[in-house]
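A.B. asks: Structure: run21.pdb, PDB, C-alpha atoms, pLDDT in the B column.
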MODEL        1
ATOM      1  CA  MET A  12       0.000   0.000   0.000  1.00 50.00           C
ATOM      2  CA  ILE A  13       2.843   2.377   0.863  1.00 47.00           C
ATOM      3  CA  HIS A  14       4.560   1.713  -2.451  1.00 48.00           C
ATOM      4  CA  SER A  15       1.274   2.238  -4.286  1.00 53.00           C
ATOM      5  CA  PHE A  16       0.754   5.577  -2.519  1.00 43.00           C
ATOM      6  CA  GLN A  17       4.295   6.696  -3.344  1.00 47.00           C
ATOM      7  CA  ARG A  18       3.832   5.680  -6.976  1.00 49.00           C
ATOM      8  CA  ASP A  19       0.545   7.559  -7.234  1.00 46.00           C
ATOM      9  CA  SER A  20       2.066  10.651  -5.607  1.00 46.00           C
ATOM     10  CA  CYS A  21       4.978  10.531  -8.017  1.00 44.00           C
ATOM     11  CA  LEU A  22       2.616  10.239 -11.003  1.00 42.00           C
ATOM     12  CA  VAL A  23       0.544  13.181  -9.771  1.00 41.00           C
ATOM     13  CA  PHE A  24       3.714  15.284  -9.347  1.00 38.00           C
ATOM     14  CA  ILE A  25       4.947  14.384 -12.845  1.00 44.00           C
ATOM     15  CA  ALA A  26       1.549  15.156 -14.385  1.00 44.00           C
ATOM     16  CA  SER A  27       1.318  18.495 -12.602  1.00 45.00           C
ATOM     17  CA  PHE A  28       4.943  19.380 -13.552  1.00 43.00           C
ATOM     18  CA  SER A  29       4.292  18.490 -17.216  1.00 58.00           C
ATOM     19  CA  SER A  30       1.077  20.501 -17.203  1.00 64.00           C
ATOM     20  CA  GLY A  31       2.899  23.517 -15.735  1.00 65.00           C
ATOM     21  CA  ARG A  32       5.648  23.318 -18.344  1.00 75.00           C
ATOM     22  CA  ARG A  33       3.078  22.996 -21.141  1.00 82.00           C
ATOM     23  CA  LYS A  34       1.141  26.036 -19.935  1.00 85.00           C
ATOM     24  CA  ARG A  35       4.345  28.054 -19.603  1.00 83.00           C
ATOM     25  CA  LEU A  36       5.426  27.093 -23.121  1.00 84.00           C
ATOM     26  CA  GLN A  37       2.006  28.010 -24.539  1.00 88.00           C
ATOM     27  CA  SER A  38       2.150  31.348 -22.750  1.00 87.00           C
ATOM     28  CA  ARG A  39       5.629  32.083 -24.116  1.00 89.00           C
ATOM     29  CA  LEU A  40       4.553  31.170 -27.635  1.00 89.00           C
ATOM     30  CA  LEU A  41       1.500  33.435 -27.560  1.00 90.00           C
ATOM     31  CA  ARG A  42       2.910  36.346 -25.563  1.00 91.00           C
ATOM     32  CA  HIS A  43       6.490  36.414 -26.878  1.00 92.00           C
ATOM     33  CA  HIS A  44       7.302  34.262 -29.898  1.00 93.00           C
ATOM     34  CA  VAL A  45       4.290  35.069 -32.079  1.00 95.00           C
ATOM     35  CA  PRO A  46       4.676  38.871 -31.639  1.00 95.00           C
ATOM     36  CA  LEU A  47       8.439  38.617 -32.121  1.00 96.00           C
ATOM     37  CA  LEU A  48       7.929  36.544 -35.265  1.00 96.00           C
ATOM     38  CA  ILE A  49       5.467  39.088 -36.672  1.00 97.00           C
ATOM     39  CA  VAL A  50       7.645  42.099 -35.824  1.00 96.00           C
ATOM     40  CA  SER A  51      10.790  40.427 -37.176  1.00 96.00           C
ATOM     41  CA  CYS A  52       9.173  39.362 -40.455  1.00 97.00           C
ATOM     42  CA  ALA A  53       7.471  42.736 -40.927  1.00 97.00           C
ATOM     43  CA  SER A  54      10.654  44.744 -40.312  1.00 96.00           C
ATOM     44  CA  ILE A  55      12.702  42.476 -42.577  1.00 97.00           C
ATOM     45  CA  ALA A  56      10.072  42.737 -45.322  1.00 97.00           C
ATOM     46  CA  VAL A  57       9.927  46.543 -45.104  1.00 96.00           C
ATOM     47  CA  LEU A  58      13.707  46.897 -45.174  1.00 95.00           C
ATOM     48  CA  TYR A  59      13.993  44.402 -48.019  1.00 96.00           C
ATOM     49  CA  VAL A  60      11.463  46.003 -50.363  1.00 94.00           C
ATOM     50  CA  THR A  61      12.629  49.565 -49.722  1.00 92.00           C
ATOM     51  CA  ARG A  62      16.274  48.927 -50.620  1.00 89.00           C
ATOM     52  CA  ASP A  63      17.478  49.818 -54.108  1.00 88.00           C
ATOM     53  CA  TYR A  64      20.110  47.059 -54.233  1.00 87.00           C
ATOM     54  CA  LYS A  65      20.025  45.100 -57.463  1.00 85.00           C
ATOM     55  CA  ASP A  66      20.444  41.604 -55.996  1.00 90.00           C
ATOM     56  CA  VAL A  67      18.552  39.519 -53.442  1.00 94.00           C
ATOM     57  CA  ILE A  68      21.577  38.723 -51.274  1.00 93.00           C
ATOM     58  CA  SER A  69      22.497  42.343 -50.602  1.00 92.00           C
ATOM     59  CA  ARG A  70      18.897  43.189 -49.752  1.00 94.00           C
ATOM     60  CA  ALA A  71      18.532  40.211 -47.426  1.00 95.00           C
ATOM     61  CA  SER A  72      21.801  41.032 -45.656  1.00 95.00           C
ATOM     62  CA  PHE A  73      20.714  44.630 -45.077  1.00 94.00           C
ATOM     63  CA  ALA A  74      17.185  43.642 -44.035  1.00 95.00           C
ATOM     64  CA  THR A  75      18.346  41.186 -41.341  1.00 96.00           C
ATOM     65  CA  ALA A  76      21.090  43.401 -39.908  1.00 95.00           C
ATOM     66  CA  TYR A  77      19.043  46.132 -38.223  1.00 96.00           C
ATOM     67  CA  PRO A  78      16.353  43.952 -36.609  1.00 96.00           C
ATOM     68  CA  ALA A  79      19.148  41.746 -35.244  1.00 96.00           C
ATOM     69  CA  ILE A  80      21.029  44.614 -33.571  1.00 96.00           C
ATOM     70  CA  ALA A  81      17.761  46.065 -32.224  1.00 96.00           C
ATOM     71  CA  LEU A  82      16.770  42.731 -30.659  1.00 96.00           C
ATOM     72  CA  LEU A  83      20.260  42.232 -29.251  1.00 96.00           C
ATOM     73  CA  SER A  84      19.893  45.631 -27.623  1.00 96.00           C
ATOM     74  CA  GLY A  85      16.519  44.530 -26.275  1.00 95.00           C
ATOM     75  CA  THR A  86      18.035  41.538 -24.484  1.00 94.00           C
ATOM     76  CA  LEU A  87      20.206  43.913 -22.449  1.00 94.00           C
ATOM     77  CA  LEU A  88      17.386  46.368 -21.750  1.00 93.00           C
ATOM     78  CA  VAL A  89      14.855  43.961 -20.209  1.00 91.00           C
ATOM     79  CA  GLY A  90      16.788  43.451 -16.957  1.00 88.00           C
ATOM     80  CA  PRO A  91      17.601  47.116 -16.247  1.00 89.00           C
ATOM     81  CA  TRP A  92      14.059  48.160 -17.187  1.00 89.00           C
ATOM     82  CA  ASN A  93      12.585  45.653 -14.717  1.00 87.00           C
ATOM     83  CA  TRP A  94      15.023  46.810 -12.048  1.00 85.00           C
ATOM     84  CA  LEU A  95      14.153  50.490 -12.521  1.00 85.00           C
ATOM     85  CA  ARG A  96      10.445  49.679 -12.262  1.00 83.00           C
ATOM     86  CA  LYS A  97      11.131  47.503  -9.200  1.00 83.00           C
ATOM     87  CA  ARG A  98       9.723  44.469 -10.942  1.00 82.00           C
ATOM     88  CA  PRO A  99      10.965  40.903 -10.325  1.00 76.00           C
ATOM     89  CA  ASN A 100      14.172  40.279 -12.240  1.00 74.00           C
ATOM     90  CA  PRO A 101      15.011  36.562 -11.978  1.00 76.00           C
ATOM     91  CA  VAL A 102      18.203  34.973 -13.285  1.00 74.00           C
ATOM     92  CA  SER A 103      16.250  33.371 -16.125  1.00 75.00           C
ATOM     93  CA  ASN A 104      13.657  35.766 -17.525  1.00 83.00           C
ATOM     94  CA  ASP A 105      11.372  34.273 -20.200  1.00 88.00           C
ATOM     95  CA  LEU A 106      10.950  37.564 -22.059  1.00 89.00           C
ATOM     96  CA  ARG A 107      14.684  38.241 -22.125  1.00 91.00           C
ATOM     97  CA  ARG A 108      15.365  34.666 -23.193  1.00 92.00           C
ATOM     98  CA  ASP A 109      12.783  34.732 -25.994  1.00 94.00           C
ATOM     99  CA  VAL A 110      13.961  38.098 -27.311  1.00 95.00           C
ATOM    100  CA  GLY A 111      17.478  36.638 -27.235  1.00 94.00           C
ATOM    101  CA  ILE A 112      16.361  33.609 -29.235  1.00 94.00           C
ATOM    102  CA  TRP A 113      14.990  35.793 -32.022  1.00 96.00           C
ATOM    103  CA  ALA A 114      18.002  38.101 -31.860  1.00 96.00           C
ATOM    104  CA  GLY A 115      20.212  35.035 -32.249  1.00 95.00           C
ATOM    105  CA  ILE A 116      18.191  33.643 -35.155  1.00 96.00           C
ATOM    106  CA  LEU A 117      18.398  36.926 -37.061  1.00 97.00           C
ATOM    107  CA  ALA A 118      22.080  37.421 -36.191  1.00 96.00           C
ATOM    108  CA  VAL A 119      23.022  33.948 -37.453  1.00 96.00           C
ATOM    109  CA  ALA A 120      20.886  34.432 -40.580  1.00 96.00           C
ATOM    110  CA  HIS A 121      22.537  37.795 -41.243  1.00 96.00           C
ATOM    111  CA  THR A 122      26.003  36.281 -40.782  1.00 95.00           C
ATOM    112  CA  ALA A 123      25.275  33.402 -43.155  1.00 95.00           C
ATOM    113  CA  ILE A 124      23.824  35.701 -45.825  1.00 95.00           C
ATOM    114  CA  GLY A 125      26.565  38.266 -45.323  1.00 93.00           C
ATOM    115  CA  GLN A 126      29.259  35.770 -46.326  1.00 92.00           C
ATOM    116  CA  CYS A 127      27.928  36.022 -49.879  1.00 90.00           C
ATOM    117  CA  VAL A 128      27.553  39.802 -50.295  1.00 90.00           C
ATOM    118  CA  HIS A 129      31.160  40.750 -51.049  1.00 87.00           C
ATOM    119  CA  LEU A 130      33.748  38.616 -52.844  1.00 83.00           C
ATOM    120  CA  ARG A 131      31.094  36.248 -54.188  1.00 82.00           C
ATOM    121  CA  GLY A 132      32.215  32.633 -53.997  1.00 79.00           C
ATOM    122  CA  ARG A 133      35.326  33.429 -51.937  1.00 87.00           C
ATOM    123  CA  PRO A 134      34.123  33.953 -48.339  1.00 89.00           C
ATOM    124  CA  TRP A 135      37.525  33.092 -46.846  1.00 90.00           C
ATOM    125  CA  LEU A 136      38.822  36.396 -48.219  1.00 91.00           C
ATOM    126  CA  TYR A 137      36.620  38.120 -45.658  1.00 91.00           C
ATOM    127  CA  TYR A 138      39.165  37.008 -43.057  1.00 93.00           C
ATOM    128  CA  ILE A 139      42.509  36.565 -44.815  1.00 90.00           C
ATOM    129  CA  TYR A 140      44.315  38.492 -47.547  1.00 89.00           C
ATOM    130  CA  GLY A 141      44.267  37.094 -51.068  1.00 85.00           C
ATOM    131  CA  PRO A 142      47.521  36.192 -52.858  1.00 82.00           C
ATOM    132  CA  THR A 143      47.340  39.225 -55.153  1.00 81.00           C
ATOM    133  CA  GLU A 144      46.582  41.783 -52.420  1.00 78.00           C
ATOM    134  CA  HIS A 145      49.194  44.079 -50.966  1.00 70.00           C
ATOM    135  CA  HIS A 146      49.561  43.207 -47.301  1.00 67.00           C
ATOM    136  CA  HIS A 147      51.983  42.453 -44.524  1.00 69.00           C
ATOM    137  CA  PRO A 148      53.324  38.923 -43.912  1.00 79.00           C
ATOM    138  CA  PHE A 149      50.579  38.451 -41.291  1.00 80.00           C
ATOM    139  CA  PRO A 150      47.808  36.718 -43.323  1.00 86.00           C
ATOM    140  CA  LEU A 151      44.751  37.720 -41.284  1.00 88.00           C
ATOM    141  CA  ARG A 152      43.009  40.843 -42.505  1.00 89.00           C
ATOM    142  CA  HIS A 153      43.634  43.748 -40.170  1.00 87.00           C
ATOM    143  CA  ASP A 154      42.119  46.540 -42.236  1.00 88.00           C
ATOM    144  CA  ALA A 155      38.607  47.929 -41.610  1.00 90.00           C
ATOM    145  CA  PHE A 156      37.071  45.216 -43.793  1.00 91.00           C
ATOM    146  CA  GLY A 157      38.874  42.483 -41.880  1.00 92.00           C
ATOM    147  CA  LEU A 158      38.101  43.917 -38.444  1.00 94.00           C
ATOM    148  CA  ALA A 159      34.434  44.255 -39.377  1.00 94.00           C
ATOM    149  CA  ASN A 160      34.282  40.630 -40.463  1.00 95.00           C
ATOM    150  CA  HIS A 161      36.270  39.272 -37.514  1.00 96.00           C
ATOM    151  CA  THR A 162      34.056  41.046 -34.992  1.00 96.00           C
ATOM    152  CA  GLY A 163      30.927  39.884 -36.812  1.00 96.00           C
ATOM    153  CA  ALA A 164      32.101  36.265 -36.960  1.00 96.00           C
ATOM    154  CA  ALA A 165      33.125  36.251 -33.277  1.00 97.00           C
ATOM    155  CA  SER A 166      29.745  37.693 -32.331  1.00 97.00           C
ATOM    156  CA  ALA A 167      27.925  35.036 -34.373  1.00 96.00           C
ATOM    157  CA  LEU A 168      29.911  32.176 -32.808  1.00 96.00           C
ATOM    158  CA  LEU A 169      29.104  33.442 -29.320  1.00 96.00           C
ATOM    159  CA  VAL A 170      25.432  33.808 -30.297  1.00 96.00           C
ATOM    160  CA  ILE A 171      25.321  30.174 -31.395  1.00 96.00           C
ATOM    161  CA  ALA A 172      26.785  29.085 -28.034  1.00 95.00           C
ATOM    162  CA  LEU A 173      24.249  31.212 -26.152  1.00 94.00           C
ATOM    163  CA  LEU A 174      21.357  29.938 -28.269  1.00 93.00           C
ATOM    164  CA  ALA A 175      22.364  26.335 -27.629  1.00 93.00           C
ATOM    165  CA  THR A 176      22.437  26.833 -23.845  1.00 92.00           C
ATOM    166  CA  SER A 177      19.534  29.266 -23.395  1.00 89.00           C
ATOM    167  CA  ASN A 178      17.087  26.648 -22.113  1.00 87.00           C
ATOM    168  CA  ASP A 179      15.932  25.004 -18.898  1.00 87.00           C
ATOM    169  CA  TYR A 180      18.010  21.875 -19.504  1.00 90.00           C
ATOM    170  CA  PHE A 181      21.330  23.738 -19.375  1.00 92.00           C
ATOM    171  CA  LEU A 182      20.077  25.933 -16.540  1.00 89.00           C
ATOM    172  CA  ARG A 183      19.557  22.781 -14.434  1.00 90.00           C
ATOM    173  CA  LYS A 184      22.706  21.063 -15.688  1.00 92.00           C
ATOM    174  CA  LEU A 185      25.088  23.986 -15.129  1.00 91.00           C
ATOM    175  CA  GLY A 186      23.381  25.477 -12.098  1.00 91.00           C
ATOM    176  CA  THR A 187      22.212  29.048 -11.690  1.00 89.00           C
ATOM    177  CA  ARG A 188      25.629  30.618 -11.066  1.00 89.00           C
ATOM    178  CA  GLU A 189      27.507  28.966 -13.943  1.00 92.00           C
ATOM    179  CA  TRP A 190      24.594  29.356 -16.366  1.00 91.00           C
ATOM    180  CA  LYS A 191      24.388  33.068 -15.597  1.00 90.00           C
ATOM    181  CA  LYS A 192      28.153  33.439 -16.108  1.00 91.00           C
ATOM    182  CA  LEU A 193      27.776  31.885 -19.545  1.00 92.00           C
ATOM    183  CA  GLN A 194      24.812  34.061 -20.484  1.00 91.00           C
ATOM    184  CA  ARG A 195      26.743  37.202 -19.516  1.00 92.00           C
ATOM    185  CA  TRP A 196      28.744  36.677 -22.705  1.00 94.00           C
ATOM    186  CA  ASN A 197      25.772  38.439 -24.270  1.00 95.00           C
ATOM    187  CA  TYR A 198      27.545  41.705 -23.370  1.00 95.00           C
ATOM    188  CA  ALA A 199      30.478  40.632 -25.553  1.00 96.00           C
ATOM    189  CA  VAL A 200      28.081  39.622 -28.322  1.00 96.00           C
ATOM    190  CA  PHE A 201      26.493  43.064 -28.290  1.00 96.00           C
ATOM    191  CA  GLY A 202      29.828  44.882 -28.175  1.00 96.00           C
ATOM    192  CA  LEU A 203      31.235  42.870 -31.086  1.00 96.00           C
ATOM    193  CA  ALA A 204      28.020  43.254 -33.094  1.00 96.00           C
ATOM    194  CA  GLY A 205      28.032  47.006 -32.488  1.00 95.00           C
ATOM    195  CA  ALA A 206      31.653  47.307 -33.633  1.00 95.00           C
ATOM    196  CA  HIS A 207      30.881  45.178 -36.692  1.00 96.00           C
ATOM    197  CA  ALA A 208      27.877  47.354 -37.604  1.00 95.00           C
ATOM    198  CA  LEU A 209      29.702  50.668 -37.245  1.00 94.00           C
ATOM    199  CA  LEU A 210      32.769  49.469 -39.148  1.00 93.00           C
ATOM    200  CA  TYR A 211      30.614  48.317 -42.041  1.00 92.00           C
ATOM    201  CA  GLN A 212      28.415  51.397 -42.045  1.00 89.00           C
ATOM    202  CA  LYS A 213      31.131  54.045 -42.054  1.00 83.00           C
ATOM    203  CA  GLY A 214      34.275  52.217 -43.153  1.00 80.00           C
ATOM    204  CA  ILE A 215      32.976  49.994 -45.947  1.00 85.00           C
ATOM    205  CA  GLU A 216      29.431  50.599 -47.197  1.00 84.00           C
ATOM    206  CA  LYS A 217      29.159  54.335 -46.374  1.00 84.00           C
ATOM    207  CA  GLN A 218      25.546  54.059 -45.258  1.00 87.00           C
ATOM    208  CA  ASP A 219      23.240  57.051 -44.896  1.00 86.00           C
ATOM    209  CA  TRP A 220      23.501  58.782 -41.507  1.00 89.00           C
ATOM    210  CA  ARG A 221      19.989  57.665 -40.537  1.00 91.00           C
ATOM    211  CA  TRP A 222      21.023  54.022 -40.552  1.00 92.00           C
ATOM    212  CA  VAL A 223      24.132  54.849 -38.584  1.00 92.00           C
ATOM    213  CA  ALA A 224      21.921  56.717 -36.104  1.00 93.00           C
ATOM    214  CA  ILE A 225      19.816  53.584 -35.513  1.00 93.00           C
ATOM    215  CA  VAL A 226      22.887  51.619 -34.455  1.00 94.00           C
ATOM    216  CA  VAL A 227      24.236  54.494 -32.368  1.00 95.00           C
ATOM    217  CA  VAL A 228      20.885  54.847 -30.577  1.00 96.00           C
ATOM    218  CA  CYS A 229      20.751  51.096 -29.851  1.00 95.00           C
ATOM    219  CA  ILE A 230      24.282  51.144 -28.456  1.00 96.00           C
ATOM    220  CA  GLY A 231      23.873  54.422 -26.570  1.00 96.00           C
ATOM    221  CA  LEU A 232      20.505  53.541 -25.017  1.00 95.00           C
ATOM    222  CA  THR A 233      21.744  50.135 -23.892  1.00 95.00           C
ATOM    223  CA  MET A 234      24.941  51.513 -22.386  1.00 95.00           C
ATOM    224  CA  ALA A 235      23.095  54.384 -20.679  1.00 95.00           C
ATOM    225  CA  LEU A 236      20.466  52.188 -19.030  1.00 93.00           C
ATOM    226  CA  GLN A 237      23.039  49.606 -17.981  1.00 93.00           C
ATOM    227  CA  ALA A 238      25.214  52.378 -16.509  1.00 93.00           C
ATOM    228  CA  VAL A 239      22.295  53.904 -14.562  1.00 91.00           C
ATOM    229  CA  VAL A 240      21.347  50.576 -13.014  1.00 89.00           C
ATOM    230  CA  PHE A 241      24.980  49.735 -12.235  1.00 88.00           C
ATOM    231  CA  ALA A 242      25.487  53.092 -10.517  1.00 89.00           C
ATOM    232  CA  ARG A 243      22.296  52.776  -8.463  1.00 85.00           C
ATOM    233  CA  ARG A 244      23.101  49.239  -7.402  1.00 82.00           C
ATOM    234  CA  ARG A 245      26.599  50.252  -6.393  1.00 83.00           C
ATOM    235  CA  ARG A 246      25.253  53.207  -4.400  1.00 82.00           C
ATOM    236  CA  GLY A 247      22.751  50.914  -2.682  1.00 75.00           C
ATOM    237  CA  ILE A 248      25.489  48.449  -1.713  1.00 74.00           C
ATOM    238  CA  ILE A 249      27.669  51.252  -0.309  1.00 73.00           C
ATOM    239  CA  GLU A 250      24.768  52.644   1.729  1.00 71.00           C
ATOM    240  CA  ARG A 251      23.943  49.210   3.151  1.00 74.00           C
ATOM    241  CA  CYS A 252      27.575  48.673   4.130  1.00 77.00           C
ATOM    242  CA  LYS A 253      27.631  51.983   6.033  1.00 69.00           C
ATOM    243  CA  LYS A 254      24.658  51.016   8.192  1.00 65.00           C
TER     244      LYS A 254
ENDMDL
END
Please re-express this file's structure in structure tokens.
C.D. replies:
Amino acid sequence: MIHSFQRDSCLVFIASFSSGRRKRLQSRLLRHHVPLLIVSCASIAVLYVTRDYKDVISRASFATAYPAIALLSGTLLVGPWNWLRKRPNPVSNDLRRDVGIWAGILAVAHTAIGQCVHLRGRPWLYYIYGPTEHHHPFPLRHDAFGLANHTGAASALLVIALLATSNDYFLRKLGTREWKKLQRWNYAVFGLAGAHALLYQKGIEKQDWRWVAIVVVCIGLTMALQAVVFARRRRGIIERCKK
């Protein structure tokens, strides 16, 4: 009888846990993923059809770049915004995670498409000098074009690692502390992506100032809000230590 009771209790717990996970997933799909899908597709479509580039690849690269950097910025704004409004700000925030998933999808898509925009059919020349180019003995590109591509590639590789581990399985496997340490690499992702965007805009493609302004606003707003929260937290810690 005891074993039967334990078995029944275990089955009830499993059923209730599965039901809770299913409801949470449904809520995330409806509240986060569907709106993010619509906004992402709409912004990509608008940017794609309004560009005057002659080929599909250049349009697609441009159209995925700006939504990606905006969503990356959003992942770093959710936490500070919650903190300023004195809302709960858990280690794993579903909204921040879901925005990060879509930011990662667009960033990886942009990186893959971007390998085909310049030097068609020779993507390795994004990162190393060709045999006919004038360069130093060091083979890796270290001009503006090379730096833009290296920062973009590094950002994309980090995004893939974060996407692969941004789930409950790795949160349980790594533990809260280690998982959070890993997810903090998102700051490096954003910094590298910002450098990549600015280098391409001003150093290579000479984009209109309005497009440059979008990236500058994303970077500036993110840095400003992060700095405000950091300063307030630090002041709070100092005041508590004095008491």
A.B. asks: May I ask which of the residues A:Trp113, A:Leu232, A:Arg62, A:Arg33 is the closest one to Val50 of chain A, counting all atoms listed in the file?
C.D. replies: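 Among the listed residues, A:Trp113 lies closest to Val50 of chain A.
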A.B. asks: Atom CA of Leu47 of chain A and atom CA of Ile225 of chain A are how many Å apart?
C.D. replies: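 Atom-to-atom, atom CA of Leu47 of chain A to atom CA of Ile225 of chain A, that is 19.1 Å.
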A.B. asks: Could you spell out the hits of the PyMOL selection byres ((chain A and resi 222) around 12) on the shown file, as a PDB file with C-alpha atoms, in the frame of the given file?
C.D. replies:
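Saved as selection25.pdb:
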ATOM      1  CA  LEU A  58      13.707  46.897 -45.174  1.00 95.00           C
ATOM      2  CA  PHE A  73      20.714  44.630 -45.077  1.00 94.00           C
ATOM      3  CA  ALA A  74      17.185  43.642 -44.035  1.00 95.00           C
ATOM      4  CA  ALA A  76      21.090  43.401 -39.908  1.00 95.00           C
ATOM      5  CA  TYR A  77      19.043  46.132 -38.223  1.00 96.00           C
ATOM      6  CA  PRO A  78      16.353  43.952 -36.609  1.00 96.00           C
ATOM      7  CA  ILE A  80      21.029  44.614 -33.571  1.00 96.00           C
ATOM      8  CA  ALA A  81      17.761  46.065 -32.224  1.00 96.00           C
ATOM      9  CA  ALA A 208      27.877  47.354 -37.604  1.00 95.00           C
ATOM     10  CA  LEU A 209      29.702  50.668 -37.245  1.00 94.00           C
ATOM     11  CA  TYR A 211      30.614  48.317 -42.041  1.00 92.00           C
ATOM     12  CA  GLN A 212      28.415  51.397 -42.045  1.00 89.00           C
ATOM     13  CA  LYS A 213      31.131  54.045 -42.054  1.00 83.00           C
ATOM     14  CA  GLU A 216      29.431  50.599 -47.197  1.00 84.00           C
ATOM     15  CA  LYS A 217      29.159  54.335 -46.374  1.00 84.00           C
ATOM     16  CA  GLN A 218      25.546  54.059 -45.258  1.00 87.00           C
ATOM     17  CA  ASP A 219      23.240  57.051 -44.896  1.00 86.00           C
ATOM     18  CA  TRP A 220      23.501  58.782 -41.507  1.00 89.00           C
ATOM     19  CA  ARG A 221      19.989  57.665 -40.537  1.00 91.00           C
ATOM     20  CA  VAL A 223      24.132  54.849 -38.584  1.00 92.00           C
ATOM     21  CA  ALA A 224      21.921  56.717 -36.104  1.00 93.00           C
ATOM     22  CA  ILE A 225      19.816  53.584 -35.513  1.00 93.00           C
ATOM     23  CA  VAL A 226      22.887  51.619 -34.455  1.00 94.00           C
ATOM     24  CA  VAL A 227      24.236  54.494 -32.368  1.00 95.00           C
ATOM     25  CA  VAL A 228      20.885  54.847 -30.577  1.00 96.00           C
ATOM     26  CA  CYS A 229      20.751  51.096 -29.851  1.00 95.00           C
TER      27      CYS A 229
END
A.B. asks: Of the residues A:Ser54, A:Ser38, A:Thr162, A:Ser84, which is the one nearest to Gly231 of chain A, using all atoms listed in the file?
C.D. replies: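 Checking each of A:Ser54, A:Ser38, A:Thr162, A:Ser84 against Gly231 of chain A, counting all atoms listed in the file, the winner is A:Ser84.
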A.B. asks: Ranking A:Leu174, A:Ile230, A:Ala235, A:Leu95 by minimum distance to Val110 of chain A and counting all atoms listed in the file, which one comes first?
C.D. replies: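 Among the listed residues, A:Leu174 lies closest to Val110 of chain A.
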A.B. asks: Mind giving me the straight-line distance from atom CA of Gly163 of chain A to atom CA of Leu203 of chain A in Å, one decimal?
C.D. replies: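 Calculated distance between atom CA of Gly163 of chain A and atom CA of Leu203 of chain A is 6.5 Å.
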A.B. asks: For the interface of segment 117-205 of chain A with segment 64-68 of chain A (cut-off 8 Å, counting all atoms listed in the file), please tabulate each contacting residue of segment 117-205 of chain A alongside its nearest pair of atoms and their separation in Å to one decimal, rows sorted by chain and increasing number, as a Markdown table.
C.D. replies:
| residue | atom | partner | partner_atom | distance |
| --- | --- | --- | --- | --- |
| A:Ile124 | CA | A:Ile68 | CA | 6.6 |
| A:Gly125 | CA | A:Ile68 | CA | 7.8 |
| A:Cys127 | CA | A:Ile68 | CA | 7.0 |
| A:Val128 | CA | A:Ile68 | CA | 6.2 |
A.B. asks: Run the PyMOL selection byres ((chain A and resi 196) around 12) on the file and write out the hits as a PyMOL selection string.
C.D. replies: chain A and resi 86-87+165-174+176-177+189-195+197-203
A.B. asks: Between A:Ala206, A:Ala155, A:Ile215, A:Leu82, which one has atoms that come closest to His129 of chain A, using only C-alpha atoms?
C.D. replies: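 That would be A:Ile215, the residue with the smallest distance to His129 of chain A.
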A.B. asks: Between A:Val45, A:Leu210, A:Ile112, A:Leu151, single out the one closest to Leu83 of chain A, counting only C-alpha atoms.
C.D. replies: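 Once distances to Leu83 of chain A are computed over only C-alpha atoms, the minimum belongs to A:Ile112.
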A.B. asks: Would you mind completing segment 106-117 of chain A to N, CA and C atoms and writing the output as a short mmCIF file (atom, residue, chain, number, x, y, z; two decimals), in the coordinates of the input?
C.D. replies:
data_model
loop_
_atom_site.label_atom_id
_atom_site.label_comp_id
_atom_site.auth_asym_id
_atom_site.auth_seq_id
_atom_site.Cartn_x
_atom_site.Cartn_y
_atom_site.Cartn_z
N LEU A 106 10.98 36.54 -21.02
CA LEU A 106 10.95 37.56 -22.06
C LEU A 106 12.35 37.82 -22.60
N ARG A 107 13.31 37.99 -21.69
CA ARG A 107 14.68 38.24 -22.12
C ARG A 107 15.22 37.06 -22.93
N ARG A 108 14.90 35.86 -22.49
CA ARG A 108 15.36 34.67 -23.19
C ARG A 108 14.75 34.58 -24.58
N ASP A 109 13.46 34.86 -24.70
CA ASP A 109 12.78 34.73 -25.99
C ASP A 109 13.22 35.83 -26.97
N VAL A 110 13.41 37.04 -26.46
CA VAL A 110 13.96 38.10 -27.31
C VAL A 110 15.36 37.70 -27.78
N GLY A 111 16.14 37.10 -26.87
CA GLY A 111 17.48 36.64 -27.24
C GLY A 111 17.46 35.55 -28.30
N ILE A 112 16.47 34.67 -28.23
CA ILE A 112 16.36 33.61 -29.24
C ILE A 112 16.15 34.21 -30.63
N TRP A 113 15.24 35.18 -30.72
CA TRP A 113 14.99 35.79 -32.02
C TRP A 113 16.15 36.68 -32.47
N ALA A 114 16.80 37.33 -31.51
CA ALA A 114 18.00 38.10 -31.86
C ALA A 114 19.06 37.17 -32.42
N GLY A 115 19.22 36.01 -31.79
CA GLY A 115 20.21 35.03 -32.25
C GLY A 115 19.88 34.48 -33.62
N ILE A 116 18.60 34.17 -33.85
CA ILE A 116 18.19 33.64 -35.16
C ILE A 116 18.51 34.64 -36.26
N LEU A 117 18.15 35.90 -36.03
CA LEU A 117 18.40 36.93 -37.06
C LEU A 117 19.89 37.20 -37.23
#
